[in-house]
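Visitor: Just passing along the structure, written as structure tokens.
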Amino acid sequence: MGATLEHHEPKRGIISNLKTAFWQFNNTPGQLIPLLQRAQETEGYISEMAMKYISGITEIPESTVYGVITFYRQFRLRPQGEFVVRLCDGTACHVNDSRLLKEIIEDELNLEGSDTTADGLFTLELVACLGCCSLAPVIMVNDQTYGRLTPQTLRKTLKKYRRLGRELIKEREEKCNLEIGA
Amino acid sequence: MDTITIGTGTCGVSAGAEAVLEAFQRLISDNQNNTILLAETGCMGMCYKEVLVEVKNSQGEFLYGDVTPDKAAQIFQEHLLEGHPLDEWLVLQNHQEGNERDFILKQHRIVLRNCGLIDPMSIDDYLSKDGYKAITKALMEISPEELIQSVIDSGLRGRGGAGFLTGIKWRFARQSPGKIKYVICNADEGDPGAFMDRSVLEGDPHSVLEGMLLCGYAIGASTGYIYCRAEYPRAIIRLENAIKQAEERRLIGENVLGSGWDFKIKIKEGAGAFVCGEETALIASIEGHRGTPRIRPPYPAAAGLWGKPTNINNVETLANLPWIVQEGPQKYAELGTEHSKGTKVFAMAGKIKRSGLVEVPMGISINEIVFDICGGIKDGKKFKAVQMGGPSGGCIPASLGETLIDYQQINKTGAIMGSGGMIVVDDSTCMVELARFFLEFTQNESCGKCTSCRIGTLRMLEILDRIIEGKGEQCDLDQLEELGHQIKNTSQCGLGQTAPNPVLTTLNYFREEYEAHVQDKCCPAHSCSALVNFMINSENCTGCMICTKDCPVGAISGEKKQVHFIDQEKCIKCGKCITTCNFNAVYKD
């Protein structure tokens with residue numbers, strides 16, 4: 001489990017990245033959203049520290065910054081899993097039974113009502129449209145698209161990623177043990 | 001020189017275009033062949049045949065569909081090296097003959113004139129198709145007022161959904177006092193199942209930039225913003241590249257084409273909020289706030305971005321403009337009906353044989369699009385309805401299939417033209433569930449400002465949930481209608497004013513389906529889980545015992561290699577057996 005915890009610590013470079021961005025935007029009005037986007041790009045989510053820092057440099061109250069973050073679907077306040085499974089729930093996928101796919105993903109990954117698995121490996125995200133309607137129903141795992149899915153091919157795909165995930169955890173544990181040993 | 005062109009729009013890449021591209025790269029370098037040129041292009045419209053590869057040589061132009069890396073090797077060997085086209089994979093020949101010619105026969109391409117033909121990353125390709133000639137002509141020969149008049153004469157209406165006359169909107173912005181004015185390109189295409197704007201941005205970004213230049217010149221603006229969905233990374237890359245190239249050629253920036261007029265274009269990435277497609281919400285979002293709409297007037301034409309006069313046009317609207325300026329407004333106005341001129345791009349998806357992007361002249365009928373262009377319904381099923389306009393639109397039943405694509409005619413049915421998403425459904429789609437799907441979307445996306453939209457849509461959703469679970473009553477239908485009308489009348493922006501449309505139109509045309517749910521407790525489309533029986537198809541069942549183990553209530557019995565049986569008394573209709581069966585043997589009845 002130690003391997004997944006490191007995500008919660010602020011990533012190095014977040015402050016310097018935000019500083020550069022702030023300097024680039026040159027205090028122009030409307031810079032808040034681009035700054036938040038930069039923070040999320042760096043850390044994968046918006047950490048409390050990044051939020052406080054942005055509030056400080058822009059002189060926009062933290063409550064307002066928080067209000068903007070929670071308004072837009074793009075922004076996350078919690079880190080995502082190693083593999084992000086994006087399930088398309090656009091109209092074309094919906095009429096091609098994407099609801100069924102959702103149940104299968106939840107079942108296969110043991111999500112149990114949460115959007116991220118307990119080991120921090122998988123996050124399920126429902127998206128409005130991935131834009132490849134002719135391949136419906138579609139999922140994306142990180143940058144890879146899988147289309148014209150059936151329950152069988154979906155389970156097969158997910159099993160492949162679960163295997164990858166297990167290997168990843170094993171690798172991390174070995175690395176961790178090595179460091180402790182050293 | 002022989003050319004291989006590969007469609008690398010989002011739809012192409014999703015289908016595996018990158019692997020095909022790599023395969024061709026490898027083949028060319030392995031053969032040390034310097035006479036074959038490899039090029040990329042945007043969406044060609046035939047998404048159902050992706051990956052698409054076009055081979056151009058002395059024999060003509062050949063378009064191949066469903067190409068895989070293996071097929072690529074064969075095409076390379078037999079067609080390019082030996083000169084024998086592979087007929088079985090050919091979809092089009094010389095853009096008009098071939099198996100899929102019906103798909104393009106009734107189309108008329110103005111917005112998509114360059115999509116799938118040019119390399120979107122190359123300004124020279126765009127210039128070779130008379131690109132930036134319209135803005136050159138405007139700056140040299142046409143005054144801003146004349147330009148506005150010709151846009152009015154063309155009859156072009158905003159393609160984002162509302163359908164307001166573009167030229168009139170420009171005139172308001174032109175006449176508004178003030179030195180600083182803005183042009184905004186609305187590329188926040190949020191309707192689920194709509195991808196017209198994305199394809200234009202990915203396939204022909206320069207045409208949108210040229211449209212913005214024309215608009216900027218007409219209203220007297222010197223800055224333009226493109227508000228693009230962050231979910232369209234490929235479109236953003238191509239736009240950034242296009243802006244850079246145009247700046248290098250002095251087509252954008254200070255002193256455009258030596259005219260003394262400055263015009264900059266910046267990209268603003270959206271952060272994912274459907275309501276930001278609404279003009280005032282979009283402006284709030286660019287300003288860095290929560291994207292909530294405000295009361296109009298003042299309209300953006302009077303007080304928009306940072307309080308300055310602003311003109312907002314949709315991507316498709318802007319992409320029409322260079323063509324109108326070059327070919328003349330009369331030629332544009334010749335297409336279409338009395339009140340709806342020109343063409344409209346539709347993103348076709350759902351249960352049709354050919355899904356993809358089509359551009360048709362206004363005045364064509366829905367049946368012509370569904371059957372003649374898109375080849376009718378898949379798997380021999382029955383055409384039930386089309387859903388137009390996304391979550392703001394409505395369902396038009398098959399019986400009204402002769403309705404023409406025309407703003408007035410579509411509005412009469414209760415649906416709207418919308419931005420161009422057209423989802424075709426067959427008799428296996430439950431209309432109550434489809435209406436619920438759209439309402440859930442708008443309910444999620446309601447910004448929360450107006451009570452009627454925030455809470456009203458939630459109450460409607462609860463009623464629909466009840467109906468789908470078989471717990472609905474007859475009075476629920478009247479309540480849905482009443483709530484729907486109240487939300488429409490009391491919401492401030494377009495989102496709330498149109499959110500009940502999917503429910504109201506399905507209630508109007510498919511009332512018997514709602515009644516079957518509440519009175520007979522059955523779903524005519526055999527779709528809603530709570531109202532159907534789960535059955536096992538004895539032909540498909542192999543007796544593998546997987547479902548018997550997975551059923552949480554032990555309702556499935558059967559011996560190994562014997563057809564299994566579901567005890568309807570015990571079944572809780574959770575659907576687990578459908579998801580675990582490897583042989584497609586479980587079905588809903």
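To be explicit about the labels: the chains of the structure tokens are called A, B, and onward in the order shown, and within each one the residues are counted from 1, while ligands get numbers from 1 in the order they are shown.
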Might you pull out every residue within 9 Å of Ala585 of chain B, with only C-alpha atoms counted and same-chain residues fewer than 3 positions away left off, and present them as an NGL selection string?

Guide: :B and (535-542 or 578 or 581-582)

Visitor: Just the alpha helix (DSSP H) stuff from segment 290-395 of chain B, please, per backbone DSSP, written as a PyMOL selection string.

Guide: chain B and resi 315-327+329-334+366-367

Visitor: Run DSSP on the backbone and grab whatever in segment 333-536 of chain B lands in strand (DSSP E or B); send it over as number ranges by chain.

Guide: B: 336, 341, 343-350, 352, 356-361, 365, 377, 383-388, 394-397, 404, 421-426, 534-536

Visitor: Could you write out that same residue set with N, CA and C atoms as a tab-separated table (two decimals), in the first residue's frame?

Guide:
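The resulting file, out-v4.tsv, is reproduced below:
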chain	number	residue	atom	x	y	z
B	336	GLY	N	-31.53	25.27	-50.04
B	336	GLY	CA	-32.39	25.26	-48.87
B	336	GLY	C	-33.81	25.72	-49.12
B	341	LYS	N	-31.50	28.58	-45.10
B	341	LYS	CA	-30.63	28.56	-46.29
B	341	LYS	C	-29.38	27.73	-46.05
B	343	THR	N	-26.51	24.80	-46.00
B	343	THR	CA	-26.42	23.38	-45.64
B	343	THR	C	-26.35	23.23	-44.13
B	344	LYS	N	-26.49	22.01	-43.67
B	344	LYS	CA	-26.32	21.72	-42.25
B	344	LYS	C	-25.54	20.42	-42.10
B	345	VAL	N	-24.61	20.44	-41.16
B	345	VAL	CA	-23.83	19.23	-40.90
B	345	VAL	C	-24.51	18.45	-39.78
B	346	PHE	N	-24.65	17.15	-39.96
B	346	PHE	CA	-25.21	16.31	-38.90
B	346	PHE	C	-24.22	15.23	-38.53
B	347	ALA	N	-24.16	14.97	-37.22
B	347	ALA	CA	-23.38	13.83	-36.75
B	347	ALA	C	-24.37	12.69	-36.59
B	348	MET	N	-24.28	11.70	-37.46
B	348	MET	CA	-25.24	10.61	-37.46
B	348	MET	C	-24.69	9.45	-36.62
B	349	ALA	N	-25.50	8.98	-35.68
B	349	ALA	CA	-25.07	7.85	-34.86
B	349	ALA	C	-26.29	7.09	-34.39
B	350	GLY	N	-26.05	6.01	-33.70
B	350	GLY	CA	-27.16	5.20	-33.21
B	350	GLY	C	-27.27	3.91	-33.98
B	352	ILE	N	-28.00	3.07	-37.01
B	352	ILE	CA	-28.00	3.09	-38.47
B	352	ILE	C	-26.80	2.34	-39.03
B	356	GLY	N	-21.67	8.58	-39.10
B	356	GLY	CA	-20.57	9.49	-39.44
B	356	GLY	C	-21.09	10.90	-39.61
B	357	LEU	N	-20.32	11.66	-40.38
B	357	LEU	CA	-20.64	13.06	-40.52
B	357	LEU	C	-21.23	13.30	-41.90
B	358	VAL	N	-22.41	13.93	-41.97
B	358	VAL	CA	-22.98	14.23	-43.28
B	358	VAL	C	-23.33	15.71	-43.35
B	359	GLU	N	-23.14	16.27	-44.52
B	359	GLU	CA	-23.55	17.67	-44.72
B	359	GLU	C	-24.58	17.68	-45.84
B	360	VAL	N	-25.77	18.13	-45.52
B	360	VAL	CA	-26.86	18.08	-46.50
B	360	VAL	C	-27.43	19.47	-46.72
B	361	PRO	N	-27.98	19.72	-47.92
B	361	PRO	CA	-28.66	21.00	-48.11
B	361	PRO	C	-29.92	21.05	-47.25
B	365	SER	N	-35.35	15.67	-46.54
B	365	SER	CA	-36.20	15.11	-45.49
B	365	SER	C	-35.39	14.19	-44.57
B	377	ILE	N	-31.68	1.14	-41.06
B	377	ILE	CA	-31.42	0.62	-39.71
B	377	ILE	C	-30.62	-0.68	-39.78
B	383	PHE	N	-37.17	1.23	-37.96
B	383	PHE	CA	-36.87	2.64	-37.64
B	383	PHE	C	-37.96	3.16	-36.71
B	384	LYS	N	-37.54	3.66	-35.54
B	384	LYS	CA	-38.53	4.10	-34.57
B	384	LYS	C	-38.58	5.62	-34.45
B	385	ALA	N	-37.42	6.26	-34.30
B	385	ALA	CA	-37.42	7.71	-34.11
B	385	ALA	C	-36.02	8.26	-34.33
B	386	VAL	N	-35.94	9.58	-34.54
B	386	VAL	CA	-34.63	10.23	-34.47
B	386	VAL	C	-34.68	11.22	-33.32
B	387	GLN	N	-33.55	11.35	-32.67
B	387	GLN	CA	-33.44	12.33	-31.61
B	387	GLN	C	-32.57	13.45	-32.15
B	388	MET	N	-33.14	14.64	-32.21
B	388	MET	CA	-32.38	15.77	-32.75
B	388	MET	C	-32.16	16.82	-31.68
B	394	GLY	N	-35.56	17.05	-29.14
B	394	GLY	CA	-36.64	16.11	-28.89
B	394	GLY	C	-36.58	14.96	-29.85
B	395	CYS	N	-37.54	14.05	-29.68
B	395	CYS	CA	-37.60	12.87	-30.53
B	395	CYS	C	-38.65	13.05	-31.60
B	396	ILE	N	-38.28	12.80	-32.83
B	396	ILE	CA	-39.23	12.85	-33.92
B	396	ILE	C	-39.53	11.41	-34.34
B	397	PRO	N	-40.80	10.99	-34.29
B	397	PRO	CA	-41.11	9.59	-34.59
B	397	PRO	C	-40.97	9.28	-36.07
B	404	LEU	N	-39.09	18.05	-43.23
B	404	LEU	CA	-37.90	18.57	-43.90
B	404	LEU	C	-36.94	19.20	-42.90
B	421	GLY	N	-26.57	17.00	-33.73
B	421	GLY	CA	-26.50	15.60	-33.36
B	421	GLY	C	-27.79	14.91	-33.78
B	422	MET	N	-27.68	13.81	-34.50
B	422	MET	CA	-28.90	13.09	-34.88
B	422	MET	C	-28.71	11.63	-34.52
B	423	ILE	N	-29.46	11.18	-33.53
B	423	ILE	CA	-29.33	9.80	-33.08
B	423	ILE	C	-30.55	9.03	-33.55
B	424	VAL	N	-30.30	7.97	-34.28
B	424	VAL	CA	-31.39	7.18	-34.82
B	424	VAL	C	-31.59	5.96	-33.92
B	425	VAL	N	-32.84	5.72	-33.53
B	425	VAL	CA	-33.09	4.56	-32.67
B	425	VAL	C	-34.07	3.60	-33.32
B	426	ASP	N	-33.93	2.32	-32.95
B	426	ASP	CA	-34.83	1.30	-33.49
B	426	ASP	C	-35.78	0.83	-32.39
B	534	PHE	N	-35.87	-12.19	-17.43
B	534	PHE	CA	-34.59	-12.65	-17.98
B	534	PHE	C	-34.75	-14.10	-18.40
B	535	MET	N	-34.36	-14.40	-19.64
B	535	MET	CA	-34.57	-15.74	-20.17
B	535	MET	C	-33.24	-16.28	-20.72
B	536	ILE	N	-33.20	-17.57	-20.91
B	536	ILE	CA	-32.01	-18.17	-21.50
B	536	ILE	C	-32.36	-18.77	-22.86

Visitor: Please identify all polymer residues within 8 Å of segment 51-55 of chain A, counting only C-alpha atoms, omitting same-chain residues fewer than 5 positions from it, and present them as a PyMOL selection string.

Guide: chain A and resi 15+18+32+35-36+46+60-62+65-66

Visitor: Keeping only C-alpha atoms, write the selected residues to a file as a compact mmCIF listing (two decimals), in the first residue's frame.

Guide:
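Full text of again-v5.txt as output:
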# COMPACT_ATOMS: atom_id res chain seq x y z
CA ILE A 15 4.99 25.68 -7.02
CA LEU A 18 2.55 27.73 -11.02
CA LEU A 32 -7.74 31.54 -12.64
CA LEU A 35 -3.79 28.33 -13.51
CA LEU A 36 -5.98 25.58 -12.10
CA ILE A 46 -5.65 20.02 -7.45
CA ILE A 60 -8.83 35.64 -5.16
CA PRO A 61 -10.37 34.30 -1.93
CA GLU A 62 -9.92 30.56 -1.36
CA VAL A 65 -11.29 29.38 -6.01
CA TYR A 66 -12.95 26.35 -4.42

Visitor: What are the residues of chain A that have an atom within 9 Å of an atom of chain B, counting only C-alpha atoms, as a ChimeraX atom specification?

Guide: /A:29-34,37,64-65,67-75,89-96,100-101,103-104,128-136,144-147,151-152,155

Visitor: Export, as a PDB file, in the first residue's frame, the selected residues with C-alpha atoms.

Guide:
ATOM      1  CA  PRO A  29      -7.912  38.878 -15.956  1.00  0.00           C
ATOM      2  CA  GLY A  30      -9.405  35.434 -16.373  1.00  0.00           C
ATOM      3  CA  GLN A  31      -6.208  33.616 -15.431  1.00  0.00           C
ATOM      4  CA  LEU A  32      -7.735  31.540 -12.637  1.00  0.00           C
ATOM      5  CA  ILE A  33      -8.983  28.659 -14.787  1.00  0.00           C
ATOM      6  CA  PRO A  34      -5.740  28.325 -16.801  1.00  0.00           C
ATOM      7  CA  GLN A  37      -5.539  23.626 -15.322  1.00  0.00           C
ATOM      8  CA  THR A  64     -14.081  31.565  -4.635  1.00  0.00           C
ATOM      9  CA  VAL A  65     -11.289  29.385  -6.008  1.00  0.00           C
ATOM     10  CA  GLY A  67     -16.267  27.415  -5.950  1.00  0.00           C
ATOM     11  CA  VAL A  68     -14.722  27.534  -9.409  1.00  0.00           C
ATOM     12  CA  ILE A  69     -13.005  24.162  -8.933  1.00  0.00           C
ATOM     13  CA  THR A  70     -16.204  22.406  -7.930  1.00  0.00           C
ATOM     14  CA  PHE A  71     -18.232  24.032 -10.715  1.00  0.00           C
ATOM     15  CA  TYR A  72     -16.236  22.515 -13.561  1.00  0.00           C
ATOM     16  CA  ARG A  73     -16.239  18.797 -14.165  1.00  0.00           C
ATOM     17  CA  GLN A  74     -12.627  18.784 -15.342  1.00  0.00           C
ATOM     18  CA  PHE A  75     -11.182  19.629 -11.936  1.00  0.00           C
ATOM     19  CA  ASP A  89     -22.117   7.551 -21.948  1.00  0.00           C
ATOM     20  CA  GLY A  90     -22.868   9.618 -25.019  1.00  0.00           C
ATOM     21  CA  THR A  91     -26.187   9.013 -26.736  1.00  0.00           C
ATOM     22  CA  ALA A  92     -24.831   6.596 -29.309  1.00  0.00           C
ATOM     23  CA  CYS A  93     -23.108   4.494 -26.659  1.00  0.00           C
ATOM     24  CA  HIS A  94     -26.139   4.734 -24.415  1.00  0.00           C
ATOM     25  CA  VAL A  95     -28.498   3.265 -27.002  1.00  0.00           C
ATOM     26  CA  ASN A  96     -25.867   0.572 -27.566  1.00  0.00           C
ATOM     27  CA  LEU A 100     -24.425  -2.781 -19.111  1.00  0.00           C
ATOM     28  CA  LEU A 101     -20.735  -1.983 -19.565  1.00  0.00           C
ATOM     29  CA  GLU A 103     -22.102  -2.775 -14.376  1.00  0.00           C
ATOM     30  CA  ILE A 104     -19.440  -5.031 -15.805  1.00  0.00           C
ATOM     31  CA  ALA A 128     -20.450  12.581 -21.864  1.00  0.00           C
ATOM     32  CA  CYS A 129     -18.956  11.686 -25.232  1.00  0.00           C
ATOM     33  CA  LEU A 130     -15.575  10.439 -26.381  1.00  0.00           C
ATOM     34  CA  GLY A 131     -16.429  11.401 -29.940  1.00  0.00           C
ATOM     35  CA  CYS A 132     -16.123   8.109 -31.756  1.00  0.00           C
ATOM     36  CA  CYS A 133     -19.818   7.291 -31.949  1.00  0.00           C
ATOM     37  CA  SER A 134     -19.424   4.869 -34.818  1.00  0.00           C
ATOM     38  CA  LEU A 135     -17.405   2.589 -32.541  1.00  0.00           C
ATOM     39  CA  ALA A 136     -20.106   2.556 -29.846  1.00  0.00           C
ATOM     40  CA  GLN A 144      -6.085   3.722 -25.525  1.00  0.00           C
ATOM     41  CA  THR A 145      -9.565   3.432 -27.047  1.00  0.00           C
ATOM     42  CA  TYR A 146     -11.539   0.184 -27.135  1.00  0.00           C
ATOM     43  CA  GLY A 147     -14.624   0.187 -29.333  1.00  0.00           C
ATOM     44  CA  PRO A 151     -19.478  -7.985 -22.320  1.00  0.00           C
ATOM     45  CA  GLN A 152     -16.906 -10.611 -23.233  1.00  0.00           C
ATOM     46  CA  ARG A 155     -14.014  -8.329 -19.392  1.00  0.00           C
TER      47      ARG A 155
END

Visitor: Write out as a PyMOL selection string each polymer residue whose atoms come within 8 Å of Gly253 of chain B, counting only C-alpha atoms; drop sequence neighbours fewer than 3 positions from it.

Guide: chain B and resi 247+250+256+262-265

Visitor: Find the residues around Asp476 of chain B up to 10 Å (only C-alpha atoms counted), leave out those fewer than 4 positions away in its own chain, and share them as an NGL selection string.

Guide: :B and (460 or 463-464 or 466-467 or 472 or 480-482 or 514 or 518)

Visitor: Selection from above, C-alpha atoms, as an mmCIF file, in the first residue's frame, can you write it?

Guide:
data_model
loop_
_atom_site.group_PDB
_atom_site.id
_atom_site.type_symbol
_atom_site.label_atom_id
_atom_site.label_comp_id
_atom_site.auth_asym_id
_atom_site.auth_seq_id
_atom_site.Cartn_x
_atom_site.Cartn_y
_atom_site.Cartn_z
ATOM 1 C CA MET B 460 -38.884 14.985 -13.156
ATOM 2 C CA ILE B 463 -40.729 10.455 -11.552
ATOM 3 C CA LEU B 464 -39.052 8.883 -14.588
ATOM 4 C CA ARG B 466 -40.249 5.470 -10.674
ATOM 5 C CA ILE B 467 -41.839 4.745 -14.046
ATOM 6 C CA GLY B 472 -45.200 4.727 -11.735
ATOM 7 C CA LEU B 480 -44.312 15.299 -15.807
ATOM 8 C CA GLU B 481 -46.049 17.471 -18.371
ATOM 9 C CA GLU B 482 -46.938 20.155 -15.880
ATOM 10 C CA TYR B 514 -45.258 5.516 -21.021
ATOM 11 C CA VAL B 518 -47.343 2.630 -15.627
#

Visitor: Nearest to Arg109 of chain B among B:Val432, B:Leu335, B:Cys228, B:Ala281, with distances taken over only C-alpha atoms: which residue is it?

Guide: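 For Arg109 of chain B, the nearest of the given residues is B:Leu335.
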
Visitor: Point out the residue among B:Leu439, B:Cys528, B:Leu117, B:Leu37 with the least atom-to-atom distance to Val503 of chain B, counting only C-alpha atoms.

Guide: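 Counting only C-alpha atoms, the residue closest to Val503 of chain B is B:Leu439.
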
Visitor: Restricting the calculation to only C-alpha atoms, which member of B:Glu97, B:Ala72, B:Gly258, B:Cys43 is positioned closest to Arg26 of chain B?

Guide: B:Ala72

Visitor: Grab the atom CA of Trp170 of chain B to atom CA of Glu189 of chain B distance for me, in Å with one decimal place.

Guide: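 According to the coordinates, atom CA of Trp170 of chain B and atom CA of Glu189 of chain B are separated by 21.7 Å.
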
Visitor: To one decimal place, how far is atom CA of Val91 of chain B from atom CA of Gly60 of chain B in Å?

Guide: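 It comes out at 13.7 Å.
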
Visitor: So that I can check the surroundings of Ala162 of chain B, please list as a list in words every protein, DNA and RNA residue that reaches within 9 Å of it, counting only C-alpha atoms and ignoring chain neighbours fewer than 6 positions away.

Guide: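 Those residues are Ile416, Met417, Gly418, Ser419 and Gly494 of chain B.
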
Visitor: Identify, on the basis of only C-alpha atoms, every residue whose closest approach to Ile487 of chain B does not exceed 12 Å; exclude the query and any residue fewer than 2 positions from it along the same chain; express the result as a ChimeraX atom specification.

Guide: /B:443,446,450-460,480-485,489-501,504

Visitor: Separation of atom CA of Asn255 of chain B and atom CA of Ser222 of chain B, in Å?

Guide: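 About the pair atom CA of Asn255 of chain B and atom CA of Ser222 of chain B: they are 10.4 Å apart.
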